[in-house]
Amino acid sequence: MHSNCTRKLLGLEDILIKNVIQADSFVRIYIETKPSTQICPHCGKQTKRIHDYRSQTIKDLPFQLKHTYLVLRKRRYSCSCGKRFLEKYTFLAPYKRRTLRLSYKIIDLLRNLRSMKSVAVDTNVSVSTVSRLLDTINYSSPSVPECISIDEFKGNTDAGKFQCILVDAKKHRILDILPDRTQKHLSAYFRTWNRTQRYRVKFFICDMWEPYVDLAKAYFPNATIIIDKYHFIRYVTWAIENVRKRLQKKMPSNLRRYYKRSRKLILTRYNKLKEENKKACDLMLLYNDDLRTAHRLKEWFYEICQSEKYKYQREGFWEWVKTAEKSGIPEFEACAKTYRNWSQGILNAFKYKYTNGPTEGYNNKIKVLKRVSFGMKNFERFRTRIIHSSI
Ligand SMILES: [Zn+2]
């Protein structure tokens, strides 16, 4: 092969390949550069005088899936000013024993949902090298979007049990990961955002957690607060689940087992059930007045949520709340009370259709990352990796 092609294959400019050793598990490539006129870093004069050579082994990207080492014949020049200096290389940072492109590759591989260990193994470096490279990645505070969605997830990092995720609900982009969801922390964080920009935020989407609403009012005073649909729907799901559990306790054991197994029949939307399951569901409800009422309320609420017409949803919502409050079923009375307290945010969800849906995707990513990394003790690295894997 023409030597120029060999160079192209290696992908390093301005080098000469002197020898290649292929072993089963590694490739060693002996390289050097052509001597050239140098500028002395000490006095700025030109020099061509070579002082000596020394060989250095440098790790490079795996070639043919083998550990690859470049053995570089490093040249030292001497200058008329009396100083000596090492040649500089475009592919190597000073004092580093791996090529720049290997470092970039490691950083790139960290975008994938895999452990630092496996990245280290594939790139023939230590885990501590991978984590040092991870630490060089820096995602600073994001620019403030029009729609902010906030949600929490269980991270168990050194910073605490619950972490927050902020997402641009309109562009579906991750904004930031915060170490904890306490009001104190979130206040301090939002204060770092530009005030004028904060005042321009139009929507703030969150779950039914009072501190979120207080924060939104304090830091995004012009934002419409929206309660995330999936979070408030859950209250109806929990209510009917609790009705079923309560009734089960009074049942004979054979019937109790049946009701327990039939959990999904009751939770699934009735019109999504197969014909035979509809019959089974009907039968369960027939003998149970409370469960029948609960089921009717659940179906009704789901139907309101799925409607596209805000006016219908608004009227239906209030009608539902009033009916549930008088239903005589404590689980649904409690649910209706909660809905009444949060009615403004719930109605806004119907009106504006924004949800925390986009954060869900990130939550899944976080779960995978946690699993492959066997948890994530160091919060800053955890944050970097989540953002890094998302943009
Ligand atoms: Zn000099």
# chains A, B, ... in the order shown; residues from 1 in each chain; ligands from 1
>>> residues_near_ligand(ligand="ligand 1", cutoff="12 Å", atoms="only C-alpha atoms and all ligand atoms", output="PDB file with C-alpha atoms, in the first residue's frame")
ATOM      1  CA  GLN A  38      10.465  25.332  14.672  1.00  0.00           C
ATOM      2  CA  ILE A  39       9.763  28.523  16.549  1.00  0.00           C
ATOM      3  CA  CYS A  40      11.486  28.502  19.914  1.00  0.00           C
ATOM      4  CA  PRO A  41       8.824  28.993  22.623  1.00  0.00           C
ATOM      5  CA  HIS A  42      11.378  30.804  24.781  1.00  0.00           C
ATOM      6  CA  CYS A  43      12.801  33.444  22.452  1.00  0.00           C
ATOM      7  CA  GLY A  44      10.661  33.195  19.322  1.00  0.00           C
ATOM      8  CA  LYS A  45      13.577  32.587  16.987  1.00  0.00           C
ATOM      9  CA  GLN A  46      13.509  29.886  14.317  1.00  0.00           C
ATOM     10  CA  THR A  47      15.556  26.748  14.685  1.00  0.00           C
ATOM     11  CA  LYS A  48      16.035  23.454  12.851  1.00  0.00           C
ATOM     12  CA  ARG A  49      18.615  22.002  15.185  1.00  0.00           C
ATOM     13  CA  TYR A  77      15.019  20.798  19.306  1.00  0.00           C
ATOM     14  CA  SER A  78      17.627  23.113  20.641  1.00  0.00           C
ATOM     15  CA  CYS A  79      17.776  26.826  20.027  1.00  0.00           C
ATOM     16  CA  SER A  80      20.628  29.322  19.823  1.00  0.00           C
ATOM     17  CA  CYS A  81      19.253  30.892  23.023  1.00  0.00           C
ATOM     18  CA  GLY A  82      20.397  27.769  24.822  1.00  0.00           C
ATOM     19  CA  LYS A  83      16.951  26.350  25.545  1.00  0.00           C
ATOM     20  CA  ARG A  84      15.621  23.018  24.429  1.00  0.00           C
ATOM     21  CA  PHE A  85      12.041  22.239  23.670  1.00  0.00           C
TER      22      PHE A  85
END
>>> select_by_dssp(residues="segment 322-382 of chain A", states="alpha helix (DSSP H)", output="short mmCIF file (atom, residue, chain, number, x, y, z; two decimals) with N, CA and C atoms, in the first residue's frame")
data_model
loop_
_atom_site.label_atom_id
_atom_site.label_comp_id
_atom_site.auth_asym_id
_atom_site.auth_seq_id
_atom_site.Cartn_x
_atom_site.Cartn_y
_atom_site.Cartn_z
N LYS A 322 -68.61 17.87 42.07
CA LYS A 322 -69.81 17.95 42.93
C LYS A 322 -70.43 16.57 43.15
N THR A 323 -70.46 15.79 42.07
CA THR A 323 -71.03 14.44 42.19
C THR A 323 -70.17 13.57 43.11
N ALA A 324 -68.87 13.62 42.92
CA ALA A 324 -67.97 12.79 43.73
C ALA A 324 -68.05 13.20 45.20
N GLU A 325 -68.19 14.47 45.43
CA GLU A 325 -68.26 14.96 46.82
C GLU A 325 -69.49 14.43 47.55
N PRO A 330 -65.92 7.49 50.55
CA PRO A 330 -64.90 8.36 51.14
C PRO A 330 -63.69 8.57 50.24
N GLU A 331 -63.26 7.53 49.53
CA GLU A 331 -62.08 7.65 48.66
C GLU A 331 -62.29 8.71 47.58
N PHE A 332 -63.51 8.74 47.04
CA PHE A 332 -63.78 9.71 45.98
C PHE A 332 -64.11 11.09 46.54
N GLU A 333 -64.65 11.12 47.72
CA GLU A 333 -64.88 12.41 48.36
C GLU A 333 -63.56 13.13 48.61
N ALA A 334 -62.58 12.32 49.05
CA ALA A 334 -61.25 12.90 49.29
C ALA A 334 -60.62 13.36 47.98
N CYS A 335 -60.79 12.56 46.96
CA CYS A 335 -60.24 12.89 45.64
C CYS A 335 -60.86 14.20 45.12
N ALA A 336 -62.18 14.30 45.28
CA ALA A 336 -62.88 15.50 44.81
C ALA A 336 -62.42 16.74 45.57
N LYS A 337 -62.15 16.52 46.85
CA LYS A 337 -61.69 17.65 47.67
C LYS A 337 -60.34 18.14 47.16
N THR A 338 -59.47 17.20 46.87
CA THR A 338 -58.16 17.55 46.32
C THR A 338 -58.32 18.29 44.99
N TYR A 339 -59.18 17.78 44.16
CA TYR A 339 -59.40 18.41 42.85
C TYR A 339 -59.96 19.83 43.00
N ARG A 340 -60.82 19.98 43.99
CA ARG A 340 -61.37 21.32 44.20
C ARG A 340 -60.25 22.30 44.59
N ASN A 341 -59.37 21.82 45.49
CA ASN A 341 -58.24 22.66 45.91
C ASN A 341 -57.32 23.03 44.75
N SER A 343 -58.22 23.06 41.52
CA SER A 343 -59.05 23.18 40.31
C SER A 343 -58.44 24.11 39.26
N GLN A 344 -57.87 25.22 39.70
CA GLN A 344 -57.34 26.17 38.72
C GLN A 344 -56.26 25.53 37.84
N GLY A 345 -55.31 24.88 38.50
CA GLY A 345 -54.21 24.23 37.77
C GLY A 345 -54.68 23.08 36.90
N ILE A 346 -55.72 22.37 37.36
CA ILE A 346 -56.26 21.25 36.58
C ILE A 346 -56.97 21.78 35.34
N LEU A 347 -57.78 22.81 35.54
CA LEU A 347 -58.50 23.38 34.39
C LEU A 347 -57.51 23.97 33.38
N ASN A 348 -56.43 24.54 33.88
CA ASN A 348 -55.40 25.04 32.96
C ASN A 348 -54.79 23.91 32.13
N ALA A 349 -54.68 22.74 32.74
CA ALA A 349 -54.15 21.58 31.99
C ALA A 349 -55.08 21.26 30.83
N PHE A 350 -56.39 21.34 31.10
CA PHE A 350 -57.36 21.08 30.02
C PHE A 350 -57.27 22.18 28.96
N LYS A 351 -57.13 23.39 29.42
CA LYS A 351 -57.18 24.52 28.51
C LYS A 351 -55.95 24.59 27.60
N TYR A 352 -54.77 24.41 28.20
CA TYR A 352 -53.54 24.64 27.43
C TYR A 352 -52.86 23.38 26.92
N GLY A 357 -45.37 15.23 30.11
CA GLY A 357 -45.02 14.11 29.24
C GLY A 357 -43.57 14.10 28.81
N PRO A 358 -43.05 15.23 28.31
CA PRO A 358 -41.65 15.24 27.86
C PRO A 358 -40.67 14.84 28.96
N THR A 359 -40.96 15.14 30.20
CA THR A 359 -40.02 14.77 31.26
C THR A 359 -40.01 13.26 31.47
N GLU A 360 -41.14 12.63 31.12
CA GLU A 360 -41.22 11.17 31.28
C GLU A 360 -40.11 10.45 30.52
N GLY A 361 -39.90 10.90 29.29
CA GLY A 361 -38.84 10.30 28.47
C GLY A 361 -37.49 10.40 29.15
N TYR A 362 -37.26 11.55 29.77
CA TYR A 362 -35.98 11.72 30.46
C TYR A 362 -35.91 10.86 31.71
N ASN A 363 -37.06 10.70 32.36
CA ASN A 363 -37.07 9.85 33.55
C ASN A 363 -36.67 8.43 33.20
N ASN A 364 -37.10 7.97 32.04
CA ASN A 364 -36.72 6.62 31.62
C ASN A 364 -35.22 6.53 31.37
N LYS A 365 -34.70 7.57 30.74
CA LYS A 365 -33.27 7.64 30.47
C LYS A 365 -32.48 7.58 31.79
N ILE A 366 -32.97 8.33 32.76
CA ILE A 366 -32.33 8.39 34.07
C ILE A 366 -32.32 7.00 34.71
N LYS A 367 -33.46 6.31 34.57
CA LYS A 367 -33.56 4.97 35.15
C LYS A 367 -32.50 4.04 34.56
N VAL A 368 -32.38 4.09 33.24
CA VAL A 368 -31.40 3.23 32.56
C VAL A 368 -29.99 3.58 33.02
N LEU A 369 -29.73 4.87 33.06
CA LEU A 369 -28.39 5.32 33.45
C LEU A 369 -28.06 4.89 34.88
N LYS A 370 -29.06 4.96 35.74
CA LYS A 370 -28.87 4.53 37.13
C LYS A 370 -28.56 3.04 37.18
N ARG A 371 -29.27 2.28 36.36
CA ARG A 371 -29.09 0.84 36.37
C ARG A 371 -27.70 0.46 35.87
N VAL A 372 -27.31 1.02 34.72
CA VAL A 372 -26.02 0.63 34.16
C VAL A 372 -24.86 1.13 35.02
N PHE A 379 -23.45 13.53 42.43
CA PHE A 379 -24.54 14.23 41.74
C PHE A 379 -24.08 14.99 40.51
N GLU A 380 -22.97 15.71 40.61
CA GLU A 380 -22.52 16.53 39.47
C GLU A 380 -22.28 15.67 38.23
N ARG A 381 -21.67 14.50 38.44
CA ARG A 381 -21.43 13.61 37.30
C ARG A 381 -22.74 13.06 36.75
N PHE A 382 -23.63 12.77 37.67
CA PHE A 382 -24.95 12.28 37.29
C PHE A 382 -25.65 13.31 36.39
#
>>> residues_around(residues="segment 250-258 of chain A", least_positions_apart="2", cutoff="12 Å", atoms="only C-alpha atoms", output="PyMOL selection string")
chain A and resi 243-248+260-265+280-281+283-284+287-288
>>> closest_residue(among="A:Lys309, A:Arg111, A:His231, A:Arg269", to="Ile150 of chain A", atoms="only C-alpha atoms")
A:His231
>>> decode(residues="segment 136-179 of chain A", atoms="N, CA and C atoms", output="mmCIF file, in the first residue's frame")
data_model
loop_
_atom_site.group_PDB
_atom_site.id
_atom_site.type_symbol
_atom_site.label_atom_id
_atom_site.label_comp_id
_atom_site.auth_asym_id
_atom_site.auth_seq_id
_atom_site.Cartn_x
_atom_site.Cartn_y
_atom_site.Cartn_z
ATOM 1 N N THR A 136 -14.558 17.184 32.840
ATOM 2 C CA THR A 136 -14.208 18.344 32.019
ATOM 3 C C THR A 136 -15.416 18.867 31.230
ATOM 4 N N ILE A 137 -16.472 18.046 31.180
ATOM 5 C CA ILE A 137 -17.680 18.478 30.459
ATOM 6 C C ILE A 137 -18.467 19.391 31.390
ATOM 7 N N ASN A 138 -18.865 20.514 30.868
ATOM 8 C CA ASN A 138 -19.532 21.475 31.741
ATOM 9 C C ASN A 138 -20.796 22.018 31.085
ATOM 10 N N TYR A 139 -21.923 21.716 31.685
ATOM 11 C CA TYR A 139 -23.173 22.280 31.199
ATOM 12 C C TYR A 139 -23.639 23.339 32.190
ATOM 13 N N SER A 140 -23.509 24.560 31.801
ATOM 14 C CA SER A 140 -23.885 25.620 32.726
ATOM 15 C C SER A 140 -25.395 25.816 32.701
ATOM 16 N N SER A 141 -25.844 26.766 33.470
ATOM 17 C CA SER A 141 -27.265 27.043 33.622
ATOM 18 C C SER A 141 -27.911 27.331 32.252
ATOM 19 N N PRO A 142 -29.109 26.816 32.028
ATOM 20 C CA PRO A 142 -29.735 26.979 30.708
ATOM 21 C C PRO A 142 -30.354 28.363 30.515
ATOM 22 N N SER A 143 -30.705 28.670 29.296
ATOM 23 C CA SER A 143 -31.450 29.909 29.082
ATOM 24 C C SER A 143 -32.926 29.643 29.426
ATOM 25 N N VAL A 144 -33.605 30.673 29.848
ATOM 26 C CA VAL A 144 -34.954 30.501 30.407
ATOM 27 C C VAL A 144 -35.986 30.361 29.277
ATOM 28 N N PRO A 145 -36.744 29.276 29.268
ATOM 29 C CA PRO A 145 -37.715 29.062 28.189
ATOM 30 C C PRO A 145 -39.081 29.676 28.509
ATOM 31 N N GLU A 146 -39.995 29.523 27.583
ATOM 32 C CA GLU A 146 -41.353 30.040 27.742
ATOM 33 C C GLU A 146 -42.194 29.122 28.632
ATOM 34 N N CYS A 147 -41.942 27.821 28.504
ATOM 35 C CA CYS A 147 -42.708 26.839 29.277
ATOM 36 C C CYS A 147 -41.767 25.952 30.066
ATOM 37 N N ILE A 148 -41.918 25.986 31.371
ATOM 38 C CA ILE A 148 -41.059 25.154 32.214
ATOM 39 C C ILE A 148 -41.879 24.029 32.811
ATOM 40 N N SER A 149 -41.321 22.842 32.723
ATOM 41 C CA SER A 149 -41.973 21.719 33.348
ATOM 42 C C SER A 149 -41.025 21.172 34.405
ATOM 43 N N ILE A 150 -41.552 20.950 35.592
ATOM 44 C CA ILE A 150 -40.697 20.453 36.680
ATOM 45 C C ILE A 150 -41.257 19.137 37.198
ATOM 46 N N ASP A 151 -40.384 18.214 37.468
ATOM 47 C CA ASP A 151 -40.805 16.912 37.982
ATOM 48 C C ASP A 151 -39.671 16.384 38.840
ATOM 49 N N GLU A 152 -39.975 15.366 39.641
ATOM 50 C CA GLU A 152 -38.884 14.830 40.451
ATOM 51 C C GLU A 152 -38.693 13.360 40.143
ATOM 52 N N PHE A 153 -37.554 12.862 40.514
ATOM 53 C CA PHE A 153 -37.293 11.440 40.363
ATOM 54 C C PHE A 153 -36.407 11.008 41.508
ATOM 55 N N LYS A 154 -36.426 9.699 41.748
ATOM 56 C CA LYS A 154 -35.643 9.178 42.856
ATOM 57 C C LYS A 154 -34.249 8.855 42.347
ATOM 58 N N GLY A 155 -33.277 9.622 42.803
ATOM 59 C CA GLY A 155 -31.925 9.437 42.299
ATOM 60 C C GLY A 155 -30.992 8.805 43.288
ATOM 61 N N ASN A 156 -31.238 9.058 44.568
ATOM 62 C CA ASN A 156 -30.323 8.556 45.607
ATOM 63 C C ASN A 156 -28.868 8.907 45.352
ATOM 64 N N THR A 157 -28.604 10.145 45.037
ATOM 65 C CA THR A 157 -27.210 10.555 44.890
ATOM 66 C C THR A 157 -26.735 11.074 46.248
ATOM 67 N N ASP A 158 -25.486 11.526 46.264
ATOM 68 C CA ASP A 158 -24.968 12.063 47.535
ATOM 69 C C ASP A 158 -25.733 13.321 47.955
ATOM 70 N N ALA A 159 -26.506 13.890 47.029
ATOM 71 C CA ALA A 159 -27.216 15.130 47.330
ATOM 72 C C ALA A 159 -28.580 14.880 47.978
ATOM 73 N N GLY A 160 -29.059 13.657 47.987
ATOM 74 C CA GLY A 160 -30.351 13.392 48.602
ATOM 75 C C GLY A 160 -31.138 12.365 47.816
ATOM 76 N N LYS A 161 -32.354 12.127 48.291
ATOM 77 C CA LYS A 161 -33.148 11.048 47.734
ATOM 78 C C LYS A 161 -33.860 11.478 46.446
ATOM 79 N N PHE A 162 -34.421 12.677 46.458
ATOM 80 C CA PHE A 162 -35.175 13.123 45.297
ATOM 81 C C PHE A 162 -34.459 14.226 44.543
ATOM 82 N N GLN A 163 -34.390 14.057 43.236
ATOM 83 C CA GLN A 163 -33.801 15.089 42.394
ATOM 84 C C GLN A 163 -34.893 15.676 41.509
ATOM 85 N N CYS A 164 -34.612 16.860 40.982
ATOM 86 C CA CYS A 164 -35.584 17.521 40.122
ATOM 87 C C CYS A 164 -35.088 17.538 38.693
ATOM 88 N N ILE A 165 -36.041 17.470 37.807
ATOM 89 C CA ILE A 165 -35.706 17.604 36.403
ATOM 90 C C ILE A 165 -36.525 18.759 35.823
ATOM 91 N N LEU A 166 -35.840 19.637 35.125
ATOM 92 C CA LEU A 166 -36.510 20.765 34.476
ATOM 93 C C LEU A 166 -36.456 20.556 32.980
ATOM 94 N N VAL A 167 -37.606 20.710 32.351
ATOM 95 C CA VAL A 167 -37.679 20.486 30.914
ATOM 96 C C VAL A 167 -38.383 21.673 30.262
ATOM 97 N N ASP A 168 -37.926 22.013 29.075
ATOM 98 C CA ASP A 168 -38.628 22.984 28.252
ATOM 99 C C ASP A 168 -39.823 22.238 27.646
ATOM 100 N N ALA A 169 -41.008 22.529 28.155
ATOM 101 C CA ALA A 169 -42.181 21.730 27.781
ATOM 102 C C ALA A 169 -42.633 21.993 26.353
ATOM 103 N N LYS A 170 -42.168 23.077 25.785
ATOM 104 C CA LYS A 170 -42.573 23.398 24.423
ATOM 105 C C LYS A 170 -41.612 22.757 23.418
ATOM 106 N N LYS A 171 -40.325 22.920 23.686
ATOM 107 C CA LYS A 171 -39.326 22.365 22.763
ATOM 108 C C LYS A 171 -38.919 20.943 23.133
ATOM 109 N N HIS A 172 -39.462 20.449 24.221
ATOM 110 C CA HIS A 172 -39.170 19.095 24.684
ATOM 111 C C HIS A 172 -37.670 18.875 24.886
ATOM 112 N N ARG A 173 -37.036 19.862 25.479
ATOM 113 C CA ARG A 173 -35.599 19.738 25.725
ATOM 114 C C ARG A 173 -35.313 19.780 27.214
ATOM 115 N N ILE A 174 -34.336 19.007 27.606
ATOM 116 C CA ILE A 174 -33.971 19.019 29.016
ATOM 117 C C ILE A 174 -33.274 20.351 29.332
ATOM 118 N N LEU A 175 -33.637 20.938 30.471
ATOM 119 C CA LEU A 175 -33.003 22.207 30.853
ATOM 120 C C LEU A 175 -31.935 21.973 31.909
ATOM 121 N N ASP A 176 -32.323 21.244 32.936
ATOM 122 C CA ASP A 176 -31.353 21.020 34.008
ATOM 123 C C ASP A 176 -31.823 19.897 34.927
ATOM 124 N N ILE A 177 -30.864 19.438 35.690
ATOM 125 C CA ILE A 177 -31.121 18.443 36.733
ATOM 126 C C ILE A 177 -30.655 19.085 38.024
ATOM 127 N N LEU A 178 -31.504 19.066 39.025
ATOM 128 C CA LEU A 178 -31.154 19.720 40.287
ATOM 129 C C LEU A 178 -31.045 18.687 41.403
ATOM 130 N N PRO A 179 -30.104 18.914 42.313
ATOM 131 C CA PRO A 179 -29.820 17.887 43.321
ATOM 132 C C PRO A 179 -30.952 17.622 44.307
#
